Every structure is written in C-alpha cells, then in structure tokens.
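Here the structure comes first, spelled out in structure tokens, and everything after it is commentary.
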Amino acid sequence: MDIVVPDARTAVADLRDGATVAVGGFGLCGIPRVLIQAVLDAGTRDLEVVSNNCGVDGAGLGLLLEAGRVRRVVASYVGENREFARQYLSGELEVELTPQGTLAERLRAGGSGIPAFFTRTGVGTVVADGGLPWRYAADGSVAVASPAKRVERFPATADPDAEPVDHVLETAIVADVALVRAARGDRLGNLQFHASARNFNPLVAMSGRLCVAEVEELVEPGEIDPDAVHLPGAFVHRVVVLSPDQAADKLVERRTLRQEAS
C-alpha cells in the first residue's frame, strides 16, 4: 500500500496534545527537522519527548522547547542546549535522564514487544537506587525524584557457574508517535539511513504506535536492495518526501577547523 502523504503538515495533523513523541537523531545528525517544524506550526503542546537529546538552541527539538510545547523529556544528554538546561534547573521541565545504551534498548524493546529487561548499566547508582532529580522546585530543591528500580542477581556470563551480579530492571518505551528521517524510502515505507544518521532512527521508528518518516529521496518498491533496507516498512505508517532544498538543509552542530601554519 502506498503510504506517501502530501506534506509534513498532513502527516502530523492528528498528533494530539499531551502525546508521547519519540524523535530520531543524535545531536543534529539525522533529526527529522521538517516534521519537527510541522509539529511546531501545528501548535501541539504538553508533549513528552523521547530522544537522545533535545537538539540545540534554535534548532531541532530546541524549537519546541523554546516555544514551551514540551512538558517532559526522556533523554540521555542535556548538553549543547542552554534552554534545555535552564528549563530543567528552574523546574519548568521534567527530565528523565537515562543512560544512552539503556535508552536505545528501551526503544528497541518497545518495538519488539518486550515489556522490560535487566541490565548491569546503572547498578549501584541513582539510576537503580532512585533519587535522580526528575523535576526541580523553584527554590532549587528536588520536587520529583526517580523511584528505586527492581534489582536482581544473574550470572555475569552464560556460564552457569559464573558469579551472579546485580542487574537493574528497565521498562520498554512505546511512543504514541515516532518521527524519523531517512536518506531513502519507498512507497511501502522501507527505509535506508545514511552513515551515522542511522543512530537512533530505526529504534525510534520501532517504538512508535504510529511512525512518520521524512525521506530525502523517494524510490519505487524494489529499488532498495533487500539487504540494504535498514528498517522494514512494517514499522512505518506515513512517508513524507522532502524537497531538494529541505533534503540539503542540514546543520553542523559544532564545526572545528584546523588553523593553517603561519
């Protein structure tokens, strides 16, 4: 079935206030900039955003933050965005900081029908023991803290005689809507990502009850070699085709240049 929609505005028109939205990308690499702008233009608010980070000031998810559209963020990283840090520390925004690999696996588990899993990451820290500040009060005290998580002991390796060690239980993430960006996609939703833009995009797409993908190039079914499909169309529900200008509009988060020898 052809799942291409006319434009980004149409693709997110039914995104409701208060929804949980998982967004692909890492920093500014591979982020669905056009879909994020469409959400901003639609005026949708009170969103819970799940993403590795929240863009930067003035770009990506940073635009939704600056407009006051986000009430809660599940992320692994606050840096590179002063407004993100300001809202978190002032108590305007609830933030569930999650180790990066754990966040990736929570998204993958959500898309795979796995409700929870055990991991060693975070054992012996506030990630497992609780007390990580989720929301601050105006006076700087902790208004909402993370709860303690279940910890169980399992062998550290497949060897049944291995010494058991602690593992913490982490729950899967299932988002109402997933927004991703791909280099190529066909009319059935099969997607191919370019290089490091692959990052969180496939996992985010899997986690969404509804997945919307913006693609830089649209091809016909069969033109992407089956071995080159990074995400099957079974996970994708809507495809938005970018214009050449939109596809080429990519930001560099931090540009470092070598100084020429004098």
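We name chains A, B, ... following the order of the structure tokens; residues begin at 1 in each chain, and ligands are numbered from 1 as shown.
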
**Report entry** Test item: residues at most 12 Å from Asp227 in chain A, only C-alpha atoms, excluding those fewer than 6 positions along its chain, as an NGL selection string
**Finding:** :A and (190-192)

What are the closest atom pairs, with distances in Å to one decimal, for each residue of range 80-142 of chain A lying within 12 Å of range 156-164 of chain A, using only C-alpha atoms, rows by chain and rising residue number, as CSV?
```
residue,atom,partner,partner_atom,distance
A:Phe118,CA,A:Ala156,CA,11.7
A:Thr119,CA,A:Ala156,CA,10.4
A:Arg120,CA,A:Ala156,CA,9.0
```

Those same residues, written as an mmCIF file, in the first residue's frame with C-alpha atoms?
```
data_model
loop_
_atom_site.group_PDB
_atom_site.id
_atom_site.type_symbol
_atom_site.label_atom_id
_atom_site.label_comp_id
_atom_site.auth_asym_id
_atom_site.auth_seq_id
_atom_site.Cartn_x
_atom_site.Cartn_y
_atom_site.Cartn_z
ATOM 1 C CA PHE A 118 17.565 -6.448 33.000
ATOM 2 C CA THR A 119 20.889 -4.654 32.500
ATOM 3 C CA ARG A 120 24.017 -4.053 34.580
#
```

Report task. Would you list the contacts of range 138-150 of chain A as a list in words, taking every protein, DNA or RNA residue within 8 Å and counting only C-alpha atoms, but skipping same-chain residues closer than 4 positions in sequence? Result ->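 Once the adjacent positions are removed, what remains is Leu89, Ser90, Gly91, Glu96, Val126, Val127, Ala128, Asp129, Gly130, Gly131, Leu132, Pro133, Trp134, Val168, Leu169 and Glu170 of chain A.
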
With C-alpha atoms kept, could you save the residues just selected as a short mmCIF file (atom, residue, chain, number, x, y, z; two decimals), in the first residue's frame?
```cif
data_model
loop_
_atom_site.label_atom_id
_atom_site.label_comp_id
_atom_site.auth_asym_id
_atom_site.auth_seq_id
_atom_site.Cartn_x
_atom_site.Cartn_y
_atom_site.Cartn_z
CA LEU A 89 17.07 23.51 36.56
CA SER A 90 14.29 26.08 37.00
CA GLY A 91 11.61 23.42 37.42
CA GLU A 96 14.18 11.57 32.97
CA VAL A 126 20.92 6.67 41.49
CA VAL A 127 19.75 5.14 38.19
CA ALA A 128 18.92 1.97 40.12
CA ASP A 129 18.65 3.24 43.70
CA GLY A 130 16.38 6.18 42.90
CA GLY A 131 16.72 9.83 43.83
CA LEU A 132 17.74 11.18 40.42
CA PRO A 133 16.08 14.61 40.09
CA TRP A 134 13.29 14.47 37.52
CA VAL A 168 18.53 -3.45 37.24
CA LEU A 169 15.11 -3.78 35.61
CA GLU A 170 14.37 -1.21 32.88
#
```

Requested in this report: Name the residues of range 97-254 of chain A that come out as strand (DSSP E or B) in a backbone DSSP run; write them as an MDAnalysis selection string.
Outcome: chainID A and resid 97 116:119 133:136 142:145 151:155 164:171 175:186 191:192 208:219 231 238:241

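The protein and nucleic acid residues lying at most 12 Å from Ala104 in chain A are Ala22, Val23, Gly24, Gly25, Phe26, Val50, Ser51, Asn52, Val74, Ala75, Ser76, Thr98, Gly110, Gly111, Glu170, Thr171, Ala172, Ile173, Asn199, Phe200, Asn201, Pro202, Leu203, Val204, Ala205, Met206 and Ser207 of chain A, with only C-alpha atoms considered and sequence neighbours fewer than 6 positions away removed.
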
Query - Minimum-distance residue to Gly58 in chain A, chosen among A:Tyr77, A:Phe84, A:Tyr136, A:Phe154 (using only C-alpha atoms) - result: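 Selected residue with least distance to Gly58 in chain A: A:Phe84.
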
Secondary structure check, helix (DSSP H, G or I) residues of range 134-250 of chain A, as an mmCIF file with C-alpha atoms, in the first residue's frame:
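Below is the file result04.cif, written as the result:
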```
data_model
loop_
_atom_site.group_PDB
_atom_site.id
_atom_site.type_symbol
_atom_site.label_atom_id
_atom_site.label_comp_id
_atom_site.auth_asym_id
_atom_site.auth_seq_id
_atom_site.Cartn_x
_atom_site.Cartn_y
_atom_site.Cartn_z
ATOM 1 C CA ALA A 195 26.019 6.553 7.672
ATOM 2 C CA SER A 196 25.805 7.901 11.234
ATOM 3 C CA ALA A 197 22.302 9.271 10.623
ATOM 4 C CA ARG A 198 21.251 5.685 11.264
ATOM 5 C CA ASN A 201 16.282 6.444 13.931
ATOM 6 C CA PRO A 202 15.478 2.714 13.451
ATOM 7 C CA LEU A 203 14.918 2.187 17.187
ATOM 8 C CA VAL A 204 12.721 5.262 17.482
ATOM 9 C CA ALA A 205 10.673 4.157 14.468
ATOM 10 C CA MET A 206 10.107 0.737 16.024
ATOM 11 C CA SER A 207 8.872 2.241 19.295
ATOM 12 C CA PRO A 226 16.562 -6.011 0.415
ATOM 13 C CA ASP A 227 19.980 -6.330 2.101
ATOM 14 C CA ALA A 228 20.211 -2.522 2.207
ATOM 15 C CA GLY A 233 8.101 -0.849 6.018
ATOM 16 C CA ALA A 234 6.131 -2.864 8.578
ATOM 17 C CA PHE A 235 7.205 -0.291 11.181
ATOM 18 C CA PRO A 244 15.649 19.110 -2.693
ATOM 19 C CA ASP A 245 16.118 22.233 -0.554
ATOM 20 C CA GLN A 246 14.715 20.520 2.536
ATOM 21 C CA ALA A 247 16.872 17.461 1.961
ATOM 22 C CA ALA A 248 20.014 19.587 1.614
#
```

Taking 2 positions as the minimum chain separation for residues in the same chain, which residues sit within 7 Å of Pro6 in chain A when counting only C-alpha atoms? Answer as a tab-separated table (two decimals) with N, CA, C and O atoms, in the first residue's frame.
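And here's around-v7.tsv as it stands now:
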```tsv
chain	number	residue	atom	x	y	z
A	4	VAL	N	2.67	7.24	1.12
A	4	VAL	CA	3.18	8.60	0.97
A	4	VAL	C	2.04	9.60	1.18
A	4	VAL	O	0.95	9.43	0.64
A	10	THR	N	0.24	17.53	6.91
A	10	THR	CA	-0.77	16.47	6.89
A	10	THR	C	-0.33	15.28	7.73
A	10	THR	O	-1.14	14.66	8.43
A	240	VAL	N	6.82	11.13	4.21
A	240	VAL	CA	6.81	12.50	3.69
A	240	VAL	C	8.06	12.68	2.83
A	240	VAL	O	9.18	12.42	3.29
```

Report task. For Cys54 in chain A, list every protein, DNA or RNA residue within 9 Å, evaluated using only C-alpha atoms, and leave out those in the same chain fewer than 3 positions away; present the list as a count of residues only. Result -> 17

Requested in this report: Rank A:Ala67, A:Cys29, A:Val174, A:Val12 by their smallest atom-to-atom distance to Ser112 in chain A, using only C-alpha atoms, and report the top residue only.
Outcome: A:Val174

**Report entry** Shortest interatomic distance to Arg108 in chain A - which of A:Val252, A:Val239, A:Ala175, A:Leu188, counting only C-alpha atoms
**Finding:** A:Ala175

**Report entry** Pick from A:Val165, A:Ala8, A:Ala137, A:Leu210 nearest to Ala38 in chain A, counting only C-alpha atoms
**Finding:**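 Looking at the shortest contact to Ala38 in chain A, the residue is A:Ala8.
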
Query raised in the report: Skipping near chain neighbours, those fewer than 5 positions away, what residues fall within 7 Å of Glu217 in chain A using only C-alpha atoms, listed as a ChimeraX atom specification?
Result: /A:183-185,241

Report task. Work out how far apart CA of Val180 in chain A and CA of Val229 in chain A are and give it in Å to one decimal. Result -> 15.0 Å

Report task. May I ask which of the residues A:Asp2, A:Asp249, A:Asp186, A:Asp46 is the closest one to Pro221 in chain A, counting only C-alpha atoms? Result ->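 Once distances to Pro221 in chain A are computed over only C-alpha atoms, the minimum belongs to A:Asp186.
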